[in-house]
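Participant: Structure file coords-v7.cif (mmCIF, C-alpha atoms and all ligand atoms) right here:
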data_data
#
loop_
_atom_site.label_atom_id
_atom_site.label_comp_id
_atom_site.auth_asym_id
_atom_site.auth_seq_id
_atom_site.Cartn_x
_atom_site.Cartn_y
_atom_site.Cartn_z
CA MET A 236 -6.87 5.87 -22.77
CA LYS A 237 -7.08 9.48 -21.62
CA VAL A 238 -4.82 11.29 -19.18
CA ILE A 239 -6.68 13.86 -17.08
CA GLU A 240 -5.16 16.40 -14.70
CA ARG A 241 -8.11 18.37 -13.44
CA ILE A 242 -10.75 17.21 -10.96
CA ALA A 243 -13.53 18.93 -12.93
CA ASP A 244 -12.49 17.16 -16.16
CA MET A 245 -12.31 13.81 -14.35
CA ARG A 246 -15.83 14.30 -13.00
CA ALA A 247 -17.16 15.35 -16.40
CA ALA A 248 -15.63 12.28 -18.07
CA LEU A 249 -17.12 9.95 -15.46
CA ALA A 250 -20.51 11.66 -15.11
CA PRO A 251 -22.34 9.16 -17.39
CA HIS A 252 -20.92 6.18 -15.46
CA ASP A 253 -21.94 4.75 -12.08
CA SER A 254 -19.67 1.72 -11.94
CA ALA A 255 -16.18 3.15 -12.20
CA ALA A 256 -13.36 0.99 -10.84
CA PHE A 257 -10.34 2.77 -9.40
CA VAL A 258 -6.70 1.96 -8.59
CA PRO A 259 -4.86 4.72 -6.73
CA THR A 260 -1.06 4.71 -7.18
CA MET A 261 1.98 6.88 -6.68
CA GLY A 262 3.37 5.80 -10.06
CA ASN A 263 6.61 3.93 -10.79
CA LEU A 264 4.35 1.06 -11.68
CA HIS A 265 5.21 -2.64 -11.65
CA ALA A 266 3.39 -5.91 -12.24
CA GLY A 267 1.74 -5.64 -8.81
CA HIS A 268 -0.04 -2.42 -9.78
CA LEU A 269 -1.06 -3.88 -13.12
CA SER A 270 -2.61 -6.88 -11.40
CA LEU A 271 -4.76 -4.41 -9.42
CA VAL A 272 -5.82 -2.75 -12.68
CA ARG A 273 -6.88 -6.14 -14.02
CA ILE A 274 -8.93 -6.85 -10.88
CA ALA A 275 -10.56 -3.42 -11.30
CA ALA A 276 -11.39 -4.20 -14.95
CA GLU A 277 -13.19 -7.38 -13.88
CA ARG A 278 -15.35 -5.40 -11.46
CA GLY A 279 -16.30 -2.19 -13.21
CA ARG A 280 -15.96 0.17 -16.13
CA PRO A 281 -14.42 2.54 -16.85
CA VAL A 282 -11.14 1.74 -15.10
CA ILE A 283 -9.28 4.72 -13.67
CA ALA A 284 -5.78 4.70 -12.19
CA SER A 285 -4.38 7.73 -10.44
CA ILE A 286 -0.73 8.72 -10.38
CA PHE A 287 0.06 11.18 -7.60
CA VAL A 288 3.08 11.19 -5.30
CA ASN A 289 1.41 12.33 -2.11
CA ARG A 290 3.70 14.61 -0.13
CA LEU A 291 1.35 14.36 2.89
CA GLN A 292 2.25 10.72 3.55
CA PHE A 293 6.01 11.33 3.58
CA GLY A 294 7.74 12.28 6.82
CA PRO A 295 10.56 14.83 6.99
CA ASN A 296 13.20 12.08 6.74
CA ASP A 297 11.34 10.07 4.10
CA ASP A 298 12.17 9.79 0.43
CA PHE A 299 9.64 12.20 -1.17
CA ALA A 300 12.25 13.97 -3.31
CA ARG A 301 13.93 10.81 -4.54
CA TYR A 302 10.70 8.80 -4.96
CA PRO A 303 10.97 7.48 -8.56
CA ARG A 304 8.82 9.37 -11.07
CA THR A 305 8.38 7.49 -14.34
CA PHE A 306 5.22 9.05 -15.75
CA GLU A 307 5.53 8.25 -19.48
CA ARG A 308 6.37 4.61 -18.84
CA ASP A 309 3.55 4.34 -16.28
CA VAL A 310 1.03 5.67 -18.79
CA GLU A 311 2.14 3.10 -21.39
CA LEU A 312 1.86 0.28 -18.85
CA LEU A 313 -1.61 1.38 -17.76
CA GLU A 314 -2.81 1.53 -21.34
CA SER A 315 -1.51 -1.98 -22.01
CA ALA A 316 -3.24 -3.26 -18.83
CA GLY A 317 -6.64 -2.03 -20.02
CA CYS A 318 -6.99 1.22 -18.11
CA ASP A 319 -9.43 3.77 -19.55
CA TYR A 320 -8.33 6.92 -17.71
CA VAL A 321 -5.26 8.09 -15.84
CA PHE A 322 -6.00 10.76 -13.26
CA ALA A 323 -2.73 12.64 -12.70
CA PRO A 324 -3.45 15.82 -10.78
CA THR A 325 -0.74 18.35 -10.07
CA GLU A 326 -0.05 19.10 -6.43
CA SER A 327 -1.87 22.44 -6.63
CA GLU A 328 -4.90 20.75 -8.22
CA LEU A 329 -5.26 18.24 -5.41
CA TYR A 330 -4.04 20.52 -2.60
CA PRO A 331 -5.08 23.97 -3.84
CA GLU A 332 -4.83 25.61 -0.41
CA PRO A 333 -2.61 24.48 2.37
CA GLN A 334 -4.53 21.37 3.43
CA VAL A 335 -5.99 22.12 6.85
CA CYS A 336 -8.60 19.33 7.05
CA PHE A 337 -7.20 15.86 7.56
CA VAL A 338 -8.68 12.41 7.97
CA HIS A 339 -7.55 10.88 11.27
CA PRO A 340 -7.97 7.13 11.03
CA ARG A 341 -8.76 4.87 13.97
CA ALA A 342 -5.72 5.01 16.25
CA ALA A 343 -5.80 1.32 17.14
CA LEU A 344 -5.30 0.49 13.46
CA ALA A 345 -3.19 3.39 12.29
CA ASP A 346 -0.84 4.26 15.16
CA THR A 347 0.79 0.85 15.36
CA LEU A 348 3.39 -0.82 13.07
CA GLU A 349 3.80 1.56 10.10
CA GLY A 350 2.08 4.33 12.03
CA GLN A 351 4.50 3.92 14.92
CA PHE A 352 7.57 4.19 12.70
CA ARG A 353 6.10 6.73 10.26
CA PRO A 354 4.01 9.09 12.42
CA GLY A 355 1.23 10.74 10.43
CA PHE A 356 1.65 8.35 7.50
CA PHE A 357 -1.94 7.08 7.57
CA ILE A 358 -3.34 10.59 8.06
CA GLY A 359 -1.63 11.44 4.77
CA VAL A 360 -2.85 8.25 3.09
CA CYS A 361 -6.47 8.60 4.25
CA THR A 362 -6.62 12.29 3.39
CA VAL A 363 -5.39 11.76 -0.16
CA VAL A 364 -7.47 8.61 -0.70
CA LEU A 365 -10.62 10.45 0.36
CA LYS A 366 -9.77 13.34 -1.97
CA LEU A 367 -9.09 10.93 -4.83
CA PHE A 368 -12.38 9.14 -4.12
CA ASN A 369 -14.13 12.52 -4.19
CA ALA A 370 -12.61 13.31 -7.57
CA VAL A 371 -13.18 9.90 -9.18
CA ARG A 372 -16.28 8.76 -7.26
CA PRO A 373 -15.57 5.07 -7.95
CA ARG A 374 -17.95 2.20 -7.23
CA VAL A 375 -15.02 -0.07 -6.39
CA ALA A 376 -11.38 0.63 -5.55
CA VAL A 377 -8.54 -1.88 -5.43
CA PHE A 378 -5.64 -1.86 -2.95
CA GLY A 379 -2.74 -4.31 -2.74
CA LYS A 380 -2.30 -6.67 0.19
CA LYS A 381 1.40 -5.87 0.23
CA ASP A 382 0.41 -2.70 2.10
CA TYR A 383 -1.73 -4.79 4.40
CA GLN A 384 -2.18 -2.20 7.12
CA GLN A 385 -3.08 0.47 4.55
CA LEU A 386 -5.79 -1.85 3.17
CA LEU A 387 -7.33 -2.25 6.66
CA VAL A 388 -7.05 1.46 7.46
CA VAL A 389 -8.74 2.44 4.17
CA ARG A 390 -11.50 -0.15 4.65
CA ASP A 391 -12.13 1.19 8.14
CA MET A 392 -12.23 4.79 6.88
CA VAL A 393 -14.75 3.80 4.21
CA ALA A 394 -16.95 2.12 6.83
CA GLN A 395 -16.62 5.00 9.31
CA LEU A 396 -17.48 7.67 6.73
CA ALA A 397 -20.09 5.53 4.89
CA LEU A 398 -18.35 6.10 1.58
CA PRO A 399 -20.20 4.47 -1.34
CA VAL A 400 -17.23 2.43 -2.55
CA ASP A 401 -16.31 -1.24 -2.18
CA ILE A 402 -12.68 -1.86 -1.31
CA LEU A 403 -11.18 -4.90 -3.01
CA ALA A 404 -7.83 -6.48 -2.15
CA GLY A 405 -5.23 -7.70 -4.66
CA GLU A 406 -2.71 -10.40 -3.76
CA THR A 407 0.96 -9.44 -3.41
CA VAL A 408 2.95 -10.10 -6.57
CA ARG A 409 6.45 -11.49 -5.92
CA GLU A 410 9.67 -12.06 -7.81
CA ALA A 411 10.74 -15.69 -8.23
CA GLY A 412 12.87 -15.49 -5.06
CA GLY A 413 9.94 -14.18 -3.01
CA LEU A 414 10.71 -10.44 -2.92
CA ALA A 415 7.41 -8.54 -2.95
CA LEU A 416 7.24 -6.11 -5.88
CA SER A 417 7.52 -2.53 -4.69
CA SER A 418 8.44 0.78 -6.27
CA ARG A 419 11.14 1.11 -3.62
CA ASN A 420 12.95 -2.02 -4.87
CA ALA A 421 14.43 0.29 -7.52
CA TYR A 422 16.62 1.84 -4.80
CA LEU A 423 18.40 -1.45 -4.01
CA ASP A 424 21.96 -1.87 -5.24
CA GLU A 425 23.16 -5.23 -6.54
CA ARG A 426 24.27 -6.57 -3.17
CA GLU A 427 21.06 -5.41 -1.45
CA ARG A 428 18.94 -6.89 -4.22
CA ALA A 429 20.58 -10.29 -3.66
CA GLU A 430 19.85 -10.02 0.07
CA SER A 431 16.33 -8.57 -0.25
CA PRO A 432 14.32 -11.86 -0.55
CA ARG A 433 15.29 -12.63 3.05
CA LEU A 434 12.48 -10.47 4.42
CA SER A 435 9.80 -12.57 2.75
CA ALA A 436 11.66 -15.79 3.58
CA VAL A 437 11.84 -14.88 7.27
CA LEU A 438 8.14 -14.00 7.37
CA SER A 439 7.32 -17.28 5.61
CA GLY A 440 9.34 -19.04 8.31
CA VAL A 441 7.14 -17.45 10.99
CA GLU A 442 4.05 -18.41 9.01
CA GLN A 443 5.18 -22.03 8.78
CA ALA A 444 6.05 -22.20 12.48
CA ILE A 445 2.55 -20.96 13.37
CA ARG A 446 0.94 -23.34 10.91
CA GLY A 447 3.01 -26.05 12.66
CA GLY A 448 1.33 -25.16 15.95
CA SER A 449 3.71 -22.63 17.57
CA THR A 450 1.97 -19.94 19.62
CA ASP A 451 5.02 -18.32 21.20
CA TRP A 452 4.55 -15.16 19.13
CA ALA A 453 7.17 -13.13 20.96
CA ARG A 454 9.86 -15.77 20.46
CA LEU A 455 8.97 -16.13 16.76
CA GLU A 456 9.07 -12.36 16.24
CA ALA A 457 12.39 -12.01 18.07
CA ALA A 458 14.01 -14.90 16.17
CA ALA A 459 12.84 -13.51 12.80
CA ALA A 460 14.13 -10.03 13.63
CA ALA A 461 17.45 -11.46 14.85
CA GLU A 462 17.95 -13.34 11.59
CA LEU A 463 17.42 -10.14 9.61
CA VAL A 464 19.78 -8.17 11.86
CA ALA A 465 22.43 -10.90 11.48
CA HIS A 466 22.30 -10.29 7.73
CA GLY A 467 22.70 -6.53 7.93
CA TRP A 468 19.09 -5.36 8.11
CA GLN A 469 17.86 -2.65 10.50
CA VAL A 470 14.54 -3.97 11.70
CA ASP A 471 11.60 -1.70 12.56
CA TYR A 472 9.29 -4.57 13.44
CA VAL A 473 8.35 -8.16 12.86
CA ALA A 474 4.90 -8.62 14.38
CA VAL A 475 2.28 -11.35 14.47
CA ARG A 476 -1.15 -9.74 14.58
CA ARG A 477 -4.81 -10.59 14.10
CA ARG A 478 -5.69 -10.36 10.44
CA ALA A 479 -9.01 -8.57 10.94
CA ASP A 480 -7.86 -5.65 13.10
CA LEU A 481 -4.10 -5.96 13.75
CA GLY A 482 -4.81 -6.63 17.42
CA GLU A 483 -2.60 -8.84 19.57
CA PRO A 484 -2.66 -12.43 18.32
CA ARG A 485 -4.73 -15.21 19.86
CA ALA A 486 -4.66 -18.86 18.90
CA GLY A 487 -7.77 -19.75 16.90
CA THR A 488 -7.98 -16.40 15.08
CA ALA A 489 -6.81 -15.65 11.55
CA LEU A 490 -3.35 -14.10 11.81
CA VAL A 491 -0.88 -12.20 9.68
CA VAL A 492 2.83 -11.66 10.21
CA LEU A 493 4.07 -8.26 9.13
CA GLY A 494 7.61 -6.95 8.82
CA ALA A 495 9.40 -3.71 8.01
CA ALA A 496 13.16 -3.39 7.79
CA ARG A 497 15.85 -1.34 6.09
CA LEU A 498 18.58 -2.59 3.81
CA GLY A 499 21.01 0.31 3.56
CA ARG A 500 18.82 3.36 2.82
CA THR A 501 15.88 1.36 1.51
CA ARG A 502 12.97 0.46 3.74
CA LEU A 503 11.00 -2.61 2.68
CA ILE A 504 7.73 -3.96 4.07
CA ASP A 505 6.07 -7.31 3.56
CA ASN A 506 3.58 -9.65 5.22
CA ARG A 507 2.24 -13.17 5.10
CA GLU A 508 -1.30 -14.16 5.96
CA ILE A 509 -1.49 -17.27 8.15
CA VAL A 510 -4.28 -19.77 7.96
CA ASP A 511 -4.79 -20.97 11.51
CA PRO A 512 -3.84 -24.65 11.79
CA ALA A 513 -7.03 -25.32 13.79
CA ARG A 514 -9.29 -24.15 10.94
O1 LIG A 601 -0.21 2.64 -1.84
C1 LIG A 601 0.07 3.72 -2.38
O2 LIG A 601 0.71 3.78 -3.44
C2 LIG A 601 -0.38 5.03 -1.73
O3 LIG A 601 -0.32 4.94 -0.35
C3 LIG A 601 -1.75 5.49 -2.20
C4 LIG A 601 -2.85 4.52 -1.79
C5 LIG A 601 -1.76 5.65 -3.71
C6 LIG A 601 -2.10 6.85 -1.58
O4 LIG A 601 -1.16 7.81 -1.94
#
What's the structure tokens form of this structure?
Facilitator:
Amino acid sequence: MKVIERIADMRAALAPHDSAAFVPTMGNLHAGHLSLVRIAAERGRPVIASIFVNRLQFGPNDDFARYPRTFERDVELLESAGCDYVFAPTESELYPEPQVCFVHPRAALADTLEGQFRPGFFIGVCTVVLKLFNAVRPRVAVFGKKDYQQLLVVRDMVAQLALPVDILAGETVREAGGLALSSRNAYLDERERAESPRLSAVLSGVEQAIRGGSTDWARLEAAAAAELVAHGWQVDYVAVRRRADLGEPRAGTALVVLGAARLGRTRLIDNREIVDPAR
């Protein structure tokens, strides 16, 4: 496996290939990322993972400075998962000038939920993903369903800009208690770690209620948020939305319940897809 920092070297290495499979990451890798690498390896060769902590997608009060950077360990993990190249550009390589061109994703998808609580987040994500795609020029790219909204926003950007890349989705990988794997789990102290599976449990509760026939979305969302608050969480949202476009839910459509909440200083997100009981 080769580690490459420069865009020109990445392009030269991939020039003979037209079926590269790509997994973009911000490092601090866990089993969830490695499952995406394995999906990529089933769909194309060579497999490239990027490691780049993208300042553009962090707000002024976000955790850019303390975001965990574990480069050597990440490289070992990627090699053991079957990756062929790691693209790890420096900030000045990827953003050589102040970045003045940005990708503005569809507002209806990107300004709600995460976009509402982290203004500009998806502008930062789309801008870096497009730049990474331009450097790697993959045939397929794999994104995790844990960042469900990001997956939809990236798919929409690819369709809007007619980018020649297929976006594949990897299932969320969870700890035994249900906690979705996330780089940010590393911030949790012992007490918070014990409490953290509640987010997925509460979302599963909403999923089961809807599978059981409940359509009172507002009551389900409010009850789920109240349970989190009662256990010390600060809730940004619990929201039932249409799976295809995050629009307001309607019975008879495929739905997803998404949640974001803070435990102490750590903000966690999760979601559960809901198979409509009528289907
Ligand atoms: O999901 C992430 O880790 C990031 O948002 C991504 C896609 C690597 C862009 O920086």
Participant: Residues within 9 Å of Met261 of chain A, please, as a list in words. Count only C-alpha atoms; anything in the same chain fewer than 2 positions from it doesn't count.
Facilitator: Pro259, Asn263, Leu264, Ser285, Ile286, Phe287, Val288, Asn289, Arg304 and Ser418 of chain A
Participant: Ranking A:Pro295, A:Gly317, A:Gly405, A:Gly467 by minimum distance to ligand LIG 601 (chain A) and counting all atoms listed in the file, which one comes first?
Facilitator: A:Gly405
Participant: What's the separation between atom CA of Gly440 of chain A and atom CA of His265 of chain A, in Å to one decimal place?
Facilitator: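 Atom CA of His265 of chain A lies 26.2 Å from atom CA of Gly440 of chain A.
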Participant: I need the residue nearest Cys318 of chain A from this list: A:Glu427, A:Glu277, A:Ile509, A:Ala415. Use only C-alpha atoms for the distance.
Facilitator: A:Glu277
Participant: Could you report the residues within 9 Å of ligand LIG 601 (chain A), using all atoms listed in the file, as a ChimeraX atom specification?
Facilitator: /A:258-262,268,285-292,356-357,359-364,367,378-379,381-382,385-386,389,418
Participant: What would the file look like if the residues just selected were written as a tab-separated table (two decimals), keeping the file's coordinate frame with C-alpha atoms?
Facilitator:
chain	number	residue	atom	x	y	z
A	258	VAL	CA	-6.70	1.96	-8.59
A	259	PRO	CA	-4.86	4.72	-6.73
A	260	THR	CA	-1.06	4.71	-7.18
A	261	MET	CA	1.98	6.88	-6.68
A	262	GLY	CA	3.37	5.80	-10.06
A	268	HIS	CA	-0.04	-2.42	-9.78
A	285	SER	CA	-4.38	7.73	-10.44
A	286	ILE	CA	-0.73	8.72	-10.38
A	287	PHE	CA	0.06	11.18	-7.60
A	288	VAL	CA	3.08	11.19	-5.30
A	289	ASN	CA	1.41	12.33	-2.11
A	290	ARG	CA	3.70	14.61	-0.13
A	291	LEU	CA	1.35	14.36	2.89
A	292	GLN	CA	2.25	10.72	3.55
A	356	PHE	CA	1.65	8.35	7.50
A	357	PHE	CA	-1.94	7.08	7.57
A	359	GLY	CA	-1.63	11.44	4.77
A	360	VAL	CA	-2.85	8.25	3.09
A	361	CYS	CA	-6.47	8.60	4.25
A	362	THR	CA	-6.62	12.29	3.39
A	363	VAL	CA	-5.39	11.76	-0.16
A	364	VAL	CA	-7.47	8.61	-0.70
A	367	LEU	CA	-9.09	10.93	-4.83
A	378	PHE	CA	-5.64	-1.86	-2.95
A	379	GLY	CA	-2.74	-4.31	-2.74
A	381	LYS	CA	1.40	-5.87	0.23
A	382	ASP	CA	0.41	-2.70	2.10
A	385	GLN	CA	-3.08	0.47	4.55
A	386	LEU	CA	-5.79	-1.85	3.17
A	389	VAL	CA	-8.74	2.44	4.17
A	418	SER	CA	8.44	0.78	-6.27
Participant: Find the spatial neighbours of segment 243-248 of chain A, counting only C-alpha atoms, within a cut-off of 7 Å - ignore same-chain residues fewer than 4 positions away - and output them as an mmCIF file with C-alpha atoms, keeping the file's coordinate frame.
Facilitator:
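After the write, selection_31.cif holds the following:
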data_model
loop_
_atom_site.group_PDB
_atom_site.id
_atom_site.type_symbol
_atom_site.label_atom_id
_atom_site.label_comp_id
_atom_site.auth_asym_id
_atom_site.auth_seq_id
_atom_site.Cartn_x
_atom_site.Cartn_y
_atom_site.Cartn_z
ATOM 1 C CA ILE A 239 -6.680 13.860 -17.080
ATOM 2 C CA ALA A 370 -12.610 13.310 -7.570
ATOM 3 C CA VAL A 371 -13.180 9.900 -9.180
#
